[in-house]
file run.txt (compact mmCIF, C-alpha atoms)
# COMPACT_ATOMS: atom_id res chain seq x y z
CA MET A 1 89.39 117.91 80.94
CA THR A 2 92.58 119.10 82.61
CA ARG A 3 95.85 117.26 82.39
CA LEU A 4 95.61 116.03 85.97
CA GLY A 5 92.02 114.98 85.37
CA GLU A 6 93.04 112.93 82.34
CA ILE A 7 95.78 111.22 84.33
CA GLY A 8 93.34 110.49 87.14
CA HIS A 9 90.83 108.99 84.70
CA LYS A 10 93.49 106.75 83.13
CA LEU A 11 94.68 105.65 86.56
CA TYR A 12 91.12 104.83 87.61
CA THR A 13 90.35 102.81 84.47
CA GLY A 14 93.73 101.07 84.50
CA ASP A 15 94.98 102.52 81.20
CA ILE A 16 98.12 103.58 83.03
CA SER A 17 99.28 102.05 86.27
CA PHE A 18 102.19 102.33 88.69
CA ASP A 19 103.29 99.06 90.20
CA PHE A 20 103.29 100.02 93.89
CA VAL A 21 102.69 96.48 95.11
CA GLY A 22 105.15 94.82 92.75
CA LYS A 23 107.97 97.15 93.81
CA ARG A 24 107.25 96.87 97.51
CA LYS A 25 110.78 95.69 98.32
CA LEU A 26 112.17 99.02 97.12
CA PHE A 27 109.74 100.95 99.31
CA TYR A 28 110.47 98.68 102.26
CA ILE A 29 114.17 99.46 101.89
CA ILE A 30 113.53 103.21 101.74
CA SER A 31 111.27 103.12 104.81
CA ALA A 32 113.71 100.90 106.72
CA ALA A 33 116.53 103.38 106.03
CA LEU A 34 114.39 106.30 107.24
CA LEU A 35 113.38 104.42 110.37
CA VAL A 36 116.98 103.48 111.17
CA ILE A 37 118.08 107.10 110.82
CA SER A 38 115.19 108.29 113.01
CA LEU A 39 115.80 105.71 115.72
CA ALA A 40 119.55 106.40 115.71
CA ALA A 41 119.00 110.17 115.97
CA ILE A 42 117.03 109.85 119.23
CA PRO A 43 119.91 108.52 121.40
CA ILE A 44 122.67 110.29 119.47
CA ARG A 45 121.27 113.80 119.22
CA GLY A 46 118.53 113.46 121.80
CA LEU A 47 115.22 115.29 122.06
CA THR A 48 115.13 118.89 123.16
CA LEU A 49 112.52 118.76 125.90
CA GLY A 50 110.64 121.88 126.89
CA ILE A 51 110.46 123.33 130.35
CA GLU A 52 107.20 121.49 130.94
CA PHE A 53 109.08 118.16 130.90
CA VAL A 54 112.38 119.01 132.57
CA GLY A 55 111.19 121.75 134.91
CA GLY A 56 112.38 125.36 135.19
CA ALA A 57 111.42 128.94 135.95
CA ASP A 58 108.78 130.91 134.10
CA PHE A 59 108.66 134.74 134.08
CA GLN A 60 105.94 136.91 132.54
CA VAL A 61 105.66 140.68 132.34
CA SER A 62 103.26 143.11 130.68
CA MET A 63 104.95 145.48 128.26
CA PRO A 64 104.50 146.81 124.71
CA VAL A 65 105.73 144.29 122.15
CA ALA A 66 107.82 145.50 119.21
CA SER A 67 109.98 143.80 116.63
CA GLN A 68 113.09 144.11 118.84
CA THR A 69 111.45 143.21 122.13
CA VAL A 70 112.44 139.53 122.14
CA ASP A 71 116.11 140.28 121.45
CA GLU A 72 116.23 143.05 124.04
CA VAL A 73 114.72 140.91 126.79
CA ARG A 74 117.06 138.03 125.94
CA GLU A 75 120.14 140.25 126.18
CA ALA A 76 118.91 141.67 129.49
CA VAL A 77 118.41 138.25 131.06
CA GLU A 78 121.76 136.96 129.81
CA GLY A 79 123.43 140.07 131.28
CA SER A 80 121.84 139.63 134.71
CA GLY A 81 124.92 137.82 136.00
CA VAL A 82 123.15 134.48 136.51
CA PRO A 83 125.27 131.66 135.02
CA GLU A 84 124.13 129.03 132.47
CA LEU A 85 121.33 130.99 130.84
CA ASP A 86 122.31 130.30 127.25
CA ASP A 87 119.24 128.15 126.53
CA ILE A 88 116.58 130.58 127.68
CA GLU A 89 113.39 130.84 125.69
CA VAL A 90 111.74 134.22 125.13
CA THR A 91 108.29 134.39 123.55
CA THR A 92 105.52 136.95 123.20
CA ILE A 93 101.90 136.41 124.14
CA GLY A 94 99.70 138.72 122.14
CA ASP A 95 101.00 142.28 121.76
CA ASN A 96 101.42 143.22 125.41
CA THR A 97 103.03 140.26 127.24
CA VAL A 98 106.53 138.76 127.21
CA ARG A 99 107.33 135.30 128.55
CA VAL A 100 110.80 134.11 129.61
CA GLN A 101 111.59 130.48 130.46
CA THR A 102 114.88 129.38 131.97
CA ARG A 103 116.33 126.47 133.86
CA THR A 104 115.46 125.92 137.48
CA LEU A 105 116.85 128.90 139.43
CA ASP A 106 117.75 129.40 143.03
CA ALA A 107 114.84 131.20 144.72
CA GLU A 108 117.06 133.24 147.05
CA THR A 109 119.72 134.67 144.70
CA GLU A 110 119.07 133.91 141.02
CA VAL A 111 115.32 134.56 140.78
CA PRO A 112 115.49 138.17 142.11
CA ALA A 113 118.34 138.99 139.68
CA VAL A 114 116.41 137.77 136.64
CA ARG A 115 113.22 139.54 137.74
CA ALA A 116 115.10 142.79 138.15
CA ALA A 117 116.67 142.51 134.67
CA ILE A 118 113.31 141.84 133.03
CA GLY A 119 111.62 144.64 134.99
CA GLU A 120 114.29 147.10 133.87
CA ILE A 121 113.56 146.40 130.19
CA ALA A 122 109.80 146.51 130.78
CA GLY A 123 110.00 149.70 132.85
CA VAL A 124 108.40 148.17 135.93
CA PRO A 125 109.74 147.12 139.36
CA GLY A 126 111.13 143.61 139.58
CA ASP A 127 108.46 142.42 141.99
CA GLN A 128 105.80 143.07 139.29
CA VAL A 129 107.35 140.40 137.07
CA THR A 130 105.33 137.23 137.55
CA TYR A 131 107.40 134.20 138.54
CA SER A 132 106.37 130.54 138.72
CA LEU A 133 108.36 127.40 139.27
CA ILE A 134 107.58 124.43 137.01
CA GLY A 135 108.62 121.09 138.43
CA ALA A 136 109.69 118.10 136.37
CA SER A 137 106.94 116.02 137.97
CA TRP A 138 104.32 117.97 136.03
CA GLY A 139 106.04 117.09 132.76
CA GLN A 140 106.17 113.44 133.78
CA GLN A 141 102.44 113.46 134.36
CA ILE A 142 101.87 114.96 130.91
CA THR A 143 104.09 112.31 129.31
CA GLN A 144 102.31 109.52 131.16
CA GLN A 145 98.89 110.76 130.10
CA ALA A 146 100.07 111.14 126.49
CA VAL A 147 101.37 107.55 126.40
CA ILE A 148 98.09 106.25 127.84
CA ALA A 149 96.13 108.23 125.27
CA LEU A 150 98.33 106.81 122.50
CA PHE A 151 97.73 103.18 123.48
CA VAL A 152 94.00 103.75 123.94
CA PHE A 153 93.86 105.36 120.51
CA LEU A 154 95.71 102.46 118.87
CA ALA A 155 93.45 99.91 120.55
CA LEU A 156 90.30 101.71 119.43
CA VAL A 157 91.67 102.10 115.92
CA SER A 158 92.43 98.38 115.69
CA LEU A 159 88.95 97.51 116.88
CA MET A 160 87.29 99.97 114.51
CA ILE A 161 89.20 98.78 111.44
CA GLY A 162 88.65 95.13 112.36
CA VAL A 163 84.89 95.64 112.70
CA TYR A 164 84.56 97.85 109.62
CA PHE A 165 86.65 95.76 107.23
CA ARG A 166 86.23 92.41 109.05
CA ASN A 167 89.87 91.69 108.37
CA TRP A 168 92.51 91.60 111.10
CA LYS A 169 95.29 91.90 108.54
CA MET A 170 94.03 95.33 107.57
CA SER A 171 94.14 96.35 111.24
CA LEU A 172 97.70 95.08 111.55
CA THR A 173 98.95 96.90 108.47
CA ALA A 174 97.15 100.11 109.46
CA LEU A 175 98.84 100.05 112.89
CA THR A 176 102.18 99.40 111.21
CA ALA A 177 101.69 102.51 109.10
CA LEU A 178 100.78 104.56 112.20
CA ILE A 179 103.89 103.44 114.10
CA HIS A 180 105.96 104.19 110.99
CA ASP A 181 104.63 107.77 110.95
CA LEU A 182 105.23 108.29 114.69
CA ILE A 183 108.85 107.14 114.53
CA LEU A 184 109.58 109.37 111.56
CA THR A 185 108.05 112.38 113.32
CA VAL A 186 110.05 111.84 116.50
CA GLY A 187 113.20 111.35 114.44
CA ILE A 188 112.63 114.63 112.62
CA TYR A 189 112.33 116.42 115.99
CA ALA A 190 115.61 114.88 117.11
CA LEU A 191 117.42 115.81 113.89
CA SER A 192 116.03 119.36 113.67
CA GLY A 193 116.44 120.20 117.37
CA PHE A 194 112.90 121.54 117.71
CA THR A 195 111.67 121.68 121.29
CA VAL A 196 109.26 118.97 122.39
CA THR A 197 106.41 120.61 124.28
CA PRO A 198 102.83 119.65 125.16
CA ALA A 199 101.85 121.19 121.83
CA THR A 200 104.11 118.64 120.15
CA LEU A 201 102.24 115.79 121.83
CA ILE A 202 98.96 117.27 120.65
CA GLY A 203 100.32 117.42 117.12
CA MET A 204 101.50 113.81 117.24
CA LEU A 205 98.11 112.59 118.40
CA THR A 206 96.52 114.64 115.63
CA ILE A 207 98.66 113.16 112.84
CA LEU A 208 97.46 109.71 113.79
CA GLY A 209 94.04 110.74 112.57
CA TYR A 210 95.44 112.00 109.26
CA SER A 211 97.45 108.84 108.70
CA LEU A 212 94.49 106.65 109.56
CA TYR A 213 92.24 108.62 107.21
CA ASP A 214 94.52 108.04 104.22
CA THR A 215 94.89 104.34 105.02
CA VAL A 216 91.14 103.77 105.42
CA VAL A 217 90.44 105.48 102.08
CA VAL A 218 92.85 103.15 100.27
CA PHE A 219 91.65 100.04 102.12
CA ASP A 220 88.04 100.82 101.33
CA LYS A 221 88.86 100.82 97.61
CA VAL A 222 90.85 97.62 98.02
CA ARG A 223 87.85 95.94 99.65
CA GLU A 224 85.65 97.04 96.76
CA ASN A 225 88.04 95.63 94.16
CA VAL A 226 88.50 92.24 95.87
CA ARG A 227 84.87 91.65 96.84
CA ASP A 228 84.31 88.73 94.41
CA ILE A 229 87.91 87.94 93.58
CA LYS A 230 87.84 84.36 94.93
CA SER A 231 85.35 83.25 92.26
CA SER A 232 87.21 84.86 89.34
CA ASN A 233 90.41 84.12 87.49
CA THR A 234 91.14 87.46 85.84
CA LYS A 235 93.48 89.09 88.40
CA THR A 236 95.31 88.28 91.60
CA TYR A 237 94.82 89.97 94.98
CA SER A 238 98.00 91.98 94.52
CA GLU A 239 96.86 93.25 91.13
CA ALA A 240 93.45 94.26 92.51
CA ALA A 241 95.10 96.04 95.47
CA ASN A 242 97.53 97.82 93.18
CA LEU A 243 94.63 98.99 91.01
CA ALA A 244 92.93 100.38 94.12
CA VAL A 245 96.02 102.40 95.01
CA ASN A 246 96.17 103.84 91.50
CA GLN A 247 92.48 104.69 91.59
CA VAL A 248 92.80 106.78 94.77
CA LEU A 249 96.27 108.13 94.02
CA VAL A 250 95.16 111.50 92.66
CA ARG A 251 92.65 111.89 95.49
CA SER A 252 95.33 111.19 98.11
CA ILE A 253 97.72 113.65 96.49
CA ASN A 254 95.10 116.39 96.31
CA THR A 255 94.00 115.83 99.91
CA THR A 256 97.56 115.85 101.19
CA VAL A 257 98.57 118.97 99.28
CA ILE A 258 95.48 120.88 100.40
CA GLY A 259 96.10 119.89 104.01
CA VAL A 260 99.86 120.48 103.99
CA LEU A 261 99.84 123.96 102.45
CA PRO A 262 98.25 125.78 105.45
CA VAL A 263 100.34 123.72 107.87
CA ALA A 264 103.47 124.69 105.95
CA ALA A 265 102.46 128.34 106.27
CA LEU A 266 102.08 127.89 110.04
CA LEU A 267 105.45 126.19 110.22
CA PHE A 268 107.12 129.00 108.30
CA ALA A 269 105.54 131.64 110.50
CA GLY A 270 106.40 129.83 113.71
CA ALA A 271 109.98 128.90 112.79
CA PHE A 272 111.16 131.97 110.88
CA ILE A 273 108.92 134.83 111.98
CA LEU A 274 108.07 134.10 115.61
CA GLY A 275 111.11 131.94 116.23
CA VAL A 276 109.67 129.99 119.16
CA GLY A 277 106.34 129.13 120.65
CA PRO A 278 103.62 126.49 120.53
CA LEU A 279 102.83 127.33 116.90
CA LYS A 280 106.21 126.08 115.71
CA ASP A 281 106.08 122.91 117.79
CA LEU A 282 102.57 122.00 116.69
CA SER A 283 103.02 122.81 112.99
CA LEU A 284 106.18 120.68 112.60
CA ALA A 285 104.44 117.61 113.99
CA LEU A 286 101.47 118.17 111.71
CA PHE A 287 103.61 118.77 108.62
CA VAL A 288 105.79 115.68 109.04
CA GLY A 289 102.86 113.50 110.09
CA MET A 290 100.63 114.41 107.17
CA VAL A 291 103.34 113.82 104.58
CA SER A 292 104.49 110.54 106.11
CA GLY A 293 100.84 109.45 106.54
CA ALA A 294 100.14 109.84 102.82
CA TYR A 295 103.40 108.02 102.02
CA SER A 296 102.78 105.08 104.37
CA SER A 297 99.18 104.48 103.23
CA ILE A 298 100.29 104.09 99.60
CA PHE A 299 103.80 102.64 99.78
CA ILE A 300 103.69 100.65 103.04
CA ALA A 301 100.18 99.72 104.21
CA THR A 302 98.71 98.44 100.94
CA PRO A 303 101.79 96.50 99.70
CA LEU A 304 102.14 94.91 103.15
CA LEU A 305 98.45 93.95 103.13
CA ALA A 306 98.78 92.36 99.68
CA GLN A 307 101.86 90.45 100.80
CA LEU A 308 100.05 89.02 103.82
CA LYS A 309 96.96 88.09 101.77
CA GLU A 310 98.97 86.35 99.06
CA ARG A 311 100.15 83.83 101.66
CA GLU A 312 96.63 82.52 102.19
CA PRO A 313 95.85 79.16 100.49
CA GLU A 314 92.84 80.57 98.65
CA MET A 315 94.91 83.44 97.23
CA LYS A 316 97.61 80.99 96.15
CA LYS A 317 95.00 78.96 94.27
CA LEU A 318 93.68 82.15 92.71
CA ALA A 319 97.17 83.12 91.55
CA ALA A 320 97.61 79.64 90.02
CA ARG A 321 94.28 79.93 88.15
CA VAL A 322 95.19 83.36 86.83
CA ALA A 323 98.59 82.13 85.67
CA ALA A 324 97.04 79.10 83.94
CA ARG A 325 94.41 81.22 82.19
CA ARG A 326 97.00 83.69 80.92
CA SER A 327 99.27 80.89 79.74
CA LYS A 328 96.38 79.38 77.78
CA GLN A 329 95.61 82.75 76.22
CA GLU A 330 99.23 83.23 75.20
CA LYS A 331 99.30 79.81 73.55
CA ALA A 332 96.08 80.52 71.68
CA ALA A 333 97.37 83.85 70.46
CA ALA A 334 100.74 82.50 69.32
CA PRO A 335 100.88 80.72 65.87
CA ALA A 336 101.07 76.92 66.08
CA ASP A 337 104.48 75.40 65.30
CA GLY A 338 104.69 73.80 61.88
CA SER A 339 101.54 75.42 60.56
CA LYS A 340 103.29 76.47 57.35
CA SER A 341 104.66 73.02 56.62
CA ALA A 342 101.29 71.41 57.40
CA SER A 343 99.64 73.56 54.74
CA LYS A 344 101.86 72.18 51.97
CA PRO A 345 100.30 69.53 49.63
CA ALA A 346 101.35 65.95 50.10
CA GLY A 347 104.25 64.75 48.00
CA VAL A 348 106.03 68.14 47.92
CA ARG A 349 109.49 68.25 49.41
CA ALA A 350 110.09 70.59 52.34
CA ASP A 351 113.33 71.72 50.77
CA ALA A 352 112.37 73.72 47.71
CA THR A 353 115.96 74.02 46.56
CA SER A 354 116.49 70.25 46.26
CA GLU A 355 116.73 68.68 42.82
CA PRO A 356 113.48 67.19 41.49
CA GLU A 357 113.43 63.48 40.89
CA SER A 358 113.93 62.32 37.32
CA THR A 359 110.79 61.58 35.32
CA ALA A 360 112.46 60.31 32.13
CA GLU A 361 110.81 57.27 30.54
CA PRO A 362 112.85 54.03 30.26
CA THR A 363 114.24 53.03 26.86
CA ASN A 364 113.02 50.06 24.75
CA ALA A 365 116.06 48.02 25.66
CA GLU A 366 115.46 48.47 29.35
CA LEU A 367 111.81 47.52 29.02
CA ALA A 368 112.63 44.52 26.89
CA GLU A 369 115.24 43.37 29.39
CA ARG A 370 112.66 43.57 32.20
CA GLY A 371 110.00 41.94 30.01
CA GLU A 372 107.72 44.92 30.08
CA GLY A 373 107.32 45.50 26.35
CA SER A 374 108.40 48.34 24.13
CA ALA A 375 108.23 52.00 24.85
CA ASP A 376 105.40 52.42 22.35
CA GLU A 377 103.31 49.85 24.17
CA ALA A 378 104.11 51.46 27.47
CA ALA A 379 103.01 54.81 26.11
CA GLU A 380 99.81 53.25 24.82
CA SER A 381 99.08 51.63 28.17
CA SER A 382 99.80 54.79 30.01
CA SER A 383 97.13 56.61 28.08
CA SER A 384 94.53 55.46 30.59
CA PRO A 385 93.09 58.14 32.86
CA SER A 386 95.25 59.00 35.87
CA ILE A 387 95.52 61.79 38.43
CA PRO A 388 99.06 63.07 38.52
CA ILE A 389 100.28 64.87 41.69
CA SER A 390 101.53 68.20 40.55
CA VAL A 391 102.41 71.63 41.89
CA GLY A 392 102.40 74.95 40.15
CA SER A 393 100.13 77.82 39.30
CA ALA A 394 96.88 77.59 37.44
CA SER A 395 98.22 79.48 34.41
CA THR A 396 101.16 77.14 33.66
CA PRO A 397 101.10 73.34 33.24
CA PRO A 398 102.27 71.75 36.47
CA ALA A 399 105.38 69.62 36.40
CA ARG A 400 104.88 65.94 37.12
CA VAL A 401 106.34 64.87 40.41
CA THR A 402 106.85 61.24 41.30
CA ARG A 403 105.80 60.41 44.81
CA PRO A 404 108.59 58.57 46.62
CA LEU A 405 107.68 55.08 47.78
CA SER A 406 107.96 54.06 51.36
CA ASP A 407 109.76 50.88 52.41
CA ALA A 408 106.49 48.99 52.90
CA ALA A 409 105.15 50.05 49.53
CA ALA A 410 108.35 49.04 47.80
CA LYS A 411 107.98 45.45 49.01
CA ARG A 412 104.47 45.09 47.58
CA PRO A 413 104.05 43.93 43.94
CA GLN A 414 103.99 46.87 41.60
CA PRO A 415 101.68 47.11 38.55
CA GLN A 416 103.40 46.06 35.29
CA HIS A 417 102.84 47.61 31.89
CA LYS A 418 102.34 44.49 29.69
CA PRO A 419 101.32 44.25 26.02
CA ARG A 420 97.70 43.70 25.30
CA SER A 421 98.35 40.16 24.12
CA GLN A 422 99.81 39.19 27.48
CA ARG A 423 97.11 40.88 29.60
CA ARG A 424 94.66 38.65 31.44
CA LYS A 425 91.22 38.89 30.02
CA SER A 426 88.55 39.60 32.59
call {"tool": "encode", "arguments": {"input": "run.txt", "output": "structure tokens"}}
result
Amino acid sequence: MTRLGEIGHKLYTGDISFDFVGKRKLFYIISAALLVISLAAIPIRGLTLGIEFVGGADFQVSMPVASQTVDEVREAVEGSGVPELDDIEVTTIGDNTVRVQTRTLDAETEVPAVRAAIGEIAGVPGDQVTYSLIGASWGQQITQQAVIALFVFLALVSLMIGVYFRNWKMSLTALTALIHDLILTVGIYALSGFTVTPATLIGMLTILGYSLYDTVVVFDKVRENVRDIKSSNTKTYSEAANLAVNQVLVRSINTTVIGVLPVAALLFAGAFILGVGPLKDLSLALFVGMVSGAYSSIFIATPLLAQLKEREPEMKKLAARVAARRSKQEKAAAPADGSKSASKPAGVRADATSEPESTAEPTNAELAERGEGSADEAAESSSSPSIPISVGSASTPPARVTRPLSDAAAKRPQPQHKPRSQRRKS
């Protein structure tokens, strides 16, 4: 088994686990910072809208395309004498067509000058250069249709997730992840200065599918892990959801990497080789959307879902049962307090270093004074069988230890060692 396969197996079985749900506040802070930067970049830097949205002039001419064709055509248009042509866009279509897009030009004076400059580079008369005027109203129609398509898509997604999972909270968190991905993508376009074209809108609508795919995969595993969680007391909803994320983590990474690699190649070719064109606009939206979609499904959607579910009364009761069960297990595993002292035999002092009580026998004078007879008689009377309380090993004779009397026992009459002549006959 490969190293990645071993890690995936341990993640699936729970041998190793990353606490995505427990550290959700950290991920919320990171996402909030990214969203603030993206939202601030839109009004500060602004979006670079393509000619389809702001309107302009479009010129096309048939000519052989070489490595220097784009630069040559650009220099020719800029040198035509028409002012404010610094933001022109020159692209190639296939290997025999060049396309030039500029701002809206005056049809009487500026359009003929640009056509003549392009025709001179292409080796054709200026009237053979195709010219078309693109109005801003066409771009507004595209934007309106794209917004309508976005809202219809979000509504259908909400309905689909709600019916499939039968949980409106999953629909809410999935939509939150989608909006998160859209804002990040738009912010990246504002920061990078890439042109927003109809291809960009297509890419943004496409990334919604990728983001939704990752989220549904994770949610499906979450649903499987929490199917019978209300009747158990082994784990909370957050722990089951976190386990689901770990179980699909390797799959999400592999899917994202496999999908991002070709898109990254398209982005590199469009941005650094071709320079401009629909390929660059489409690939950037796909690249940012796929990466942010994988991120949001793991770090945003699932932790947010667990947070919403933990507020339910049933999930609170479940968390209390799990905590009580674990507390009971910890108490059972820990040693009971005072178990060592309880195992000591009765009559043995807890302090082993204390001095043992004196066991010396009283003298004859003391016994006579108390009327108890002589020491010899006491020794004779003490020869009756008795069970001394002793401590020590089995190999050495145990030392006799006198058991201390309690206050109640001291008040009771104590047995007296009397001579045989004074003992009461039974």
call {"tool": "closest_residue", "arguments": {"input": "run.txt", "among": "A:Thr176, A:Gln145, A:Gly270, A:Ser67", "to": "A:Ser158", "atoms": "only C-alpha atoms"}}
result
A:Thr176
call {"tool": "atom_distance", "arguments": {"input": "run.txt", "atom1": "atom CA of A:Leu212", "atom2": "atom CA of A:Lys280"}}
result
23.5 Å
call {"tool": "atom_distance", "arguments": {"input": "run.txt", "atom1": "atom CA of A:Ser283", "atom2": "atom CA of A:Thr104"}}
result
27.6 Å
call {"tool": "atom_distance", "arguments": {"input": "run.txt", "atom1": "atom CA of A:Arg74", "atom2": "atom CA of A:Phe272"}}
result
17.3 Å
call {"tool": "closest_residue", "arguments": {"input": "run.txt", "among": "A:Phe287, A:Trp168, A:Phe194, A:Phe53", "to": "A:Ile134", "atoms": "all atoms listed in the file"}}
result
A:Phe53
call {"tool": "residues_around", "arguments": {"input": "run.txt", "residues": "A:Val77", "least_positions_apart": "4", "cutoff": "12 Å", "atoms": "only C-alpha atoms", "output": "PyMOL selection string"}}
result
chain A and resi 59+70-73+81-90+99-102+110-122
call {"tool": "closest_residue", "arguments": {"input": "run.txt", "among": "A:Leu175, A:Ile148, A:Leu49, A:Ala264", "to": "A:Ile161", "atoms": "all atoms listed in the file"}}
result
A:Leu175
call {"tool": "closest_residue", "arguments": {"input": "run.txt", "among": "A:Leu150, A:Val291, A:Ala57, A:Ile298", "to": "A:Ile258", "atoms": "all atoms listed in the file"}}
result
A:Val291
call {"tool": "residues_near_point", "arguments": {"input": "run.txt", "point": "(93.3, 93.2, 106.4)", "cutoff": "10 Å", "atoms": "all atoms listed in the file", "output": "list in words"}}
result
Ile161, Gly162, Phe165, Arg166, Asn167, Trp168, Lys169, Met170, Ser171, Leu172, Thr173, Ala174, Phe219, Val222, Arg223, Ala301, Thr302, Leu304, Leu305, Ala306, Leu308 and Lys309 of chain A
